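Novice: There's a structure below that I have some questions on.
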Amino acid sequence: MASIWQYANPVKFMQTSAKVLPALSVLTAVTLIVGLVWGFFFTPDDYKQGSTVKIMFIHVPAALMAINAWLMMLVASLIWLVRRHHVSALAARAAAPIGITMTLIALFTGAIWGQPMWGTYWAWDPRLTSFLVLFLFYLGYMALWAAIENPDAAADLTSVLCMVGSVFALLSRYAVNFWNQGLHQGASVSLDKEEHVNDVFFYPLLLCMIGFVLLFVLLVLLRTRTEIRTRRLKTLMARERMT
Amino acid sequence: MIALLTRDLILAIRAGGGFGLGLAFFLIVTILVPFGVGPESAILSVIAPGILWVGALLACLLSLDRIFALDFEDGSLDLLATAPIPLEGVVAMKAAAHWVTTGLPLTLAAPVLGTLLHLPVEGYLWMLLSLAIGTPALSMIGTFGAALTVGLKRGGLLMSLLVLPLYVPTLIFGAETVKRALDGLTTATPALMLAGVTLATCALLPFAAAAAIRINLR
């Protein structure tokens, strides 16, 4: 019987991901290249922002993935806590460095865009601040993984931290709203609102977002495979030393 | 559980430093700020609420690693974990003891240090109140951080990295309460939010902290 849980078996996971990876890599590359080239070279300049608007094709997808990576870590942590699948814990561990990179990309592209547009690299705006806080959460999560030697205890503790951290990250998100009024514009793309960015920008942006999602999945798969191999290697070396 | 609380309190007092160190740190931070910022009372009175809150937060952080470390080393934490009272209760009592030895003295000292920073008269009552409402949350969140890192050799630095981001909402609402009091605005909203943070952490985090301790003792 086919069930999603069969991929919790590391062997099955390695086999399937090895089959999926080449196709996924090609798909990611094509989507990203088409999306970025379309966005950078074949969209008109904004009448107010000029060509700086094009940074959005990296900024928006990176910001999207920065948040969704944490969400994925939360789901993977919950699966680990409930069902004790090691692949799940390793996937959460693999996602954290990618998430923190996405957060940094979003922060830096935002700063580059902010200098000509807002006249400042940094403002203590709620969105910017909550991203900075999210960055700190990623740092703490990764530091805890690195600090604990027993892999099962590390997976358990980071999962607990991820759950508690999620609540506090959300809370901080609304607390900073309360604390300072924002410069950052509202969402430009949403499923339920009437107002959208113009279609000229929307389609390449959508393509870039899909590309970043694919890139994230690809990197998580790759890194999870590496984690699994690292653990196998450790077991092998421990066994060598025994004999 | 009351016995545990009194035991922790007596230990903290007799071992010395429990009260003193956090308070002294709070005092030093507050004294250092005017050296850095300059002695103009206009600037100081504006930043006083924030400085006092950040100072209290750091002073609170300083004593966190002692919540479980000693009990973990001499094995009494194992005894407490197997004791008939639930571990969640133990954790809550530990947090309460930490609050009585650091949060409460900090709260009481804040108005005195407020004088040093030229905190305007309207701020004193709310400084006292916001710290009284908010510091239990600091202790409880800190206890969770201490529970996560109890098994580590050098957990102190890591713990501050874990705990400080969790302090953000408490700090925002706490400092905002005092700022609003200074501006003559109504303080009910941030004060109630602060109380909400405190109550929610006290209700939920003992479970997370107890889970972390069980994992660390495994």
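Following the order of the structure tokens, first chain is A, next is B, and so on, with residues numbered from 1 inside each chain and ligands from 1 in the order they appear.
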Provide as number ranges by chain the residues of chain A at most 12 Å from chain B, counting only C-alpha atoms.

Specialist: A: 81, 126, 129-180

Novice: Within 6 Å of stretch 60-68 of chain A, counting only C-alpha atoms, which residues show up once you throw out same-chain ones fewer than 6 positions away? Write them as a PDB file with C-alpha atoms, in the first residue's frame, please.

Specialist:
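Everything below was put into out-v3.pdb:
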ATOM      1  CA  GLY A  99      15.867  29.410   5.480  1.00  0.00           C
ATOM      2  CA  MET A 102      16.660  33.270   2.245  1.00  0.00           C
ATOM      3  CA  THR A 103      16.097  35.603   5.190  1.00  0.00           C
ATOM      4  CA  ALA A 106      15.436  39.210   1.568  1.00  0.00           C
ATOM      5  CA  MET A 209       8.275  32.394  -6.840  1.00  0.00           C
TER       6      MET A 209
END

Novice: Just checking: using only C-alpha atoms, which residue out of A:Val37, A:Ile112, A:Ala95, A:Leu236 ends up closest to A:Leu219?

Specialist: A:Ala95

Novice: Using only C-alpha atoms, which protein or nucleic acid residues come within 10 Å of B:Glu122? Drop anything in the same chain fewer than 5 positions from it, and give the result as a PyMOL selection string.

Specialist: chain B and resi 127+178-184

Novice: Name all residues at most 10 Å from A:Gln49 (count only C-alpha atoms; drop same-chain ones fewer than 6 positions away) and give them as a PDB file with C-alpha atoms, in the first residue's frame.

Specialist:
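Result file is around-v1.pdb:
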ATOM      1  CA  TRP A 113      16.238  48.661  -2.861  1.00  0.00           C
ATOM      2  CA  PRO A 116      17.294  54.809  -3.481  1.00  0.00           C
ATOM      3  CA  MET A 117      13.575  54.443  -2.690  1.00  0.00           C
TER       4      MET A 117
END

Novice: What's the 10 Å shell around B:Ala137, counting only C-alpha atoms, without same-chain residues fewer than 3 positions away, as a PyMOL selection string?

Specialist: chain B and resi 95+99+103+131-134+140-143+167+170+194-202+205

Novice: Would you mind listing what lies within 9 Å of A:Phe13 as an MDAnalysis selection string, with only C-alpha atoms counted and same-chain residues fewer than 5 positions away left out?

Specialist: chainID A and resid 6:8 18 87 225

Novice: Give the answer as one residue: which of B:Pro136, B:Gly75, B:Gly123, B:Pro34 has the shortest atom-to-atom distance to B:Ala110, using only C-alpha atoms?

Specialist: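 Under the stated criterion, the closest residue is B:Gly123.
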
Novice: Looking at only C-alpha atoms, which of A:Ile55, A:Ile4, A:Leu21, A:Ala123 is the one that sits closest to A:Leu214?

Specialist: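 Under the stated criterion, the closest residue is A:Leu21.
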